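S.K.: Pasting a structure here, questions to come.
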Amino acid sequence: MTTQQTSRALAREAAGLCLTAFGALGVLIALGMIHPVLGLSAAMVGFLVAGSLTKPEPDAPRWAHKLRYTVCGVGIVGLAGCAFALYLPLGFLCVALAAVLVGLWLSSREPAAEGA
């Protein structure tokens, strides 16, 4: 009896993941049909969200942390590129805001966090 419930739960989870993947693909295709940059922007937001929500454990391999930062970087650079493609001043605004955020992050770091 327990085996059947486990296999049903596994089948339900697999069906849910397949529906989620095909639904997300459908959304990206529909947005891409409206405008290619709109679909690409949605994909970049997906990369950014995926990189932000997946946080490896502190003892995880080094490549897991690098992969997370790479996915976030691709999302950010892709969104900035899409902003330039949509409207040039919007692209410059994204770059300026990124510079402000990096400046705030650098100025708010405590010396104890750097090991000094």
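Residues are named by chain letter and number: chains run A, B, ... in the order of the structure tokens, numbers start at 1 in each chain, and ligands are numbered from 1 in the order shown.
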Pull the closest atom pair for each residue of range 52-84 of chain A that gets at most 7 Å from range 34-48 of chain A, along with the distance in Å to one decimal, counting only C-alpha atoms, ordering rows by chain and then ascending residue number, as CSV.
M.R.:
residue,atom,partner,partner_atom,distance
A:Ser52,CA,A:Leu48,CA,6.1
A:Val71,CA,A:Phe47,CA,5.9
A:Cys72,CA,A:Leu48,CA,4.9
A:Gly75,CA,A:Met44,CA,4.5
A:Ile76,CA,A:Leu48,CA,6.7
A:Gly78,CA,A:Met44,CA,5.8
A:Leu79,CA,A:Ser41,CA,5.8
A:Cys82,CA,A:Val37,CA,6.0
S.K.: Go ahead and save the residues from that selection, with N, CA, C and O atoms, as a compact mmCIF listing (two decimals), in the first residue's frame.
M.R.:
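Generated output (selection-v9.txt):
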# COMPACT_ATOMS: atom_id res chain seq x y z
N SER A 52 18.74 33.72 -8.14
CA SER A 52 18.52 34.33 -6.84
C SER A 52 17.91 33.35 -5.84
O SER A 52 18.21 33.39 -4.65
N VAL A 71 24.65 32.29 -13.54
CA VAL A 71 23.25 32.39 -13.96
C VAL A 71 22.70 33.78 -13.65
O VAL A 71 22.01 34.39 -14.47
N CYS A 72 23.01 34.31 -12.46
CA CYS A 72 22.57 35.67 -12.12
C CYS A 72 23.20 36.70 -13.06
O CYS A 72 22.53 37.63 -13.51
N GLY A 75 21.53 36.68 -16.41
CA GLY A 75 20.23 37.34 -16.31
C GLY A 75 20.35 38.86 -16.30
O GLY A 75 19.61 39.55 -17.00
N ILE A 76 21.29 39.36 -15.52
CA ILE A 76 21.45 40.82 -15.41
C ILE A 76 21.95 41.42 -16.72
O ILE A 76 21.41 42.42 -17.21
N GLY A 78 21.75 40.10 -19.69
CA GLY A 78 20.71 39.92 -20.70
C GLY A 78 19.60 40.94 -20.59
O GLY A 78 19.11 41.46 -21.59
N LEU A 79 19.20 41.23 -19.35
CA LEU A 79 18.16 42.25 -19.16
C LEU A 79 18.65 43.63 -19.59
O LEU A 79 17.90 44.40 -20.19
N CYS A 82 18.56 43.69 -23.34
CA CYS A 82 17.19 43.84 -23.82
C CYS A 82 16.70 45.27 -23.62
O CYS A 82 15.96 45.80 -24.46
S.K.: Which residues in range 81-113 of chain A does DSSP call alpha helix (DSSP H)? List them as a PyMOL selection string.
M.R.: chain A and resi 81-86+88-107
S.K.: What's around Lys66 in chain A at 12 Å? Count only C-alpha atoms, leave out sequence neighbours fewer than 6 positions away in its own chain, and write the answer as a list in words.
M.R.: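 In the requested format, the answer is Gly51, Thr54, Lys55, Pro56, Ala60, Cys72 and Gly73 of chain A.
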S.K.: Write out the residues from the selection above, keeping N, CA, C and O atoms, as a JSON list (two decimals), in the first residue's frame.
M.R.:
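again-v2.json was written with the following content:
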[["chain", "number", "residue", "atom", "x", "y", "z"],
["A", 51, "GLY", "N", 18.65, 32.12, -10.40],
["A", 51, "GLY", "CA", 19.92, 32.32, -9.71],
["A", 51, "GLY", "C", 19.76, 32.91, -8.33],
["A", 51, "GLY", "O", 20.54, 32.62, -7.42],
["A", 54, "THR", "N", 18.02, 29.90, -5.96],
["A", 54, "THR", "CA", 18.81, 28.70, -5.68],
["A", 54, "THR", "C", 20.08, 29.10, -4.96],
["A", 54, "THR", "O", 20.98, 29.70, -5.55],
["A", 55, "LYS", "N", 20.13, 28.78, -3.69],
["A", 55, "LYS", "CA", 21.30, 29.13, -2.90],
["A", 55, "LYS", "C", 21.95, 27.84, -2.41],
["A", 55, "LYS", "O", 21.36, 27.12, -1.61],
["A", 56, "PRO", "N", 23.16, 27.53, -2.91],
["A", 56, "PRO", "CA", 23.82, 26.31, -2.46],
["A", 56, "PRO", "C", 24.23, 26.40, -0.99],
["A", 56, "PRO", "O", 24.41, 27.49, -0.44],
["A", 60, "ALA", "N", 28.85, 23.37, -0.09],
["A", 60, "ALA", "CA", 28.67, 22.85, -1.45],
["A", 60, "ALA", "C", 29.95, 23.05, -2.24],
["A", 60, "ALA", "O", 30.78, 23.90, -1.90],
["A", 72, "CYS", "N", 23.01, 34.31, -12.46],
["A", 72, "CYS", "CA", 22.57, 35.67, -12.12],
["A", 72, "CYS", "C", 23.20, 36.70, -13.06],
["A", 72, "CYS", "O", 22.53, 37.63, -13.51],
["A", 73, "GLY", "N", 24.49, 36.53, -13.37],
["A", 73, "GLY", "CA", 25.17, 37.46, -14.26],
["A", 73, "GLY", "C", 24.58, 37.45, -15.66],
["A", 73, "GLY", "O", 24.40, 38.50, -16.28]]
S.K.: Expressed in Å to a single decimal, how great is the separation between CA of Phe84 in chain A and CA of Leu67 in chain A?
M.R.: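 CA of Phe84 in chain A sits 25.6 Å away from CA of Leu67 in chain A.
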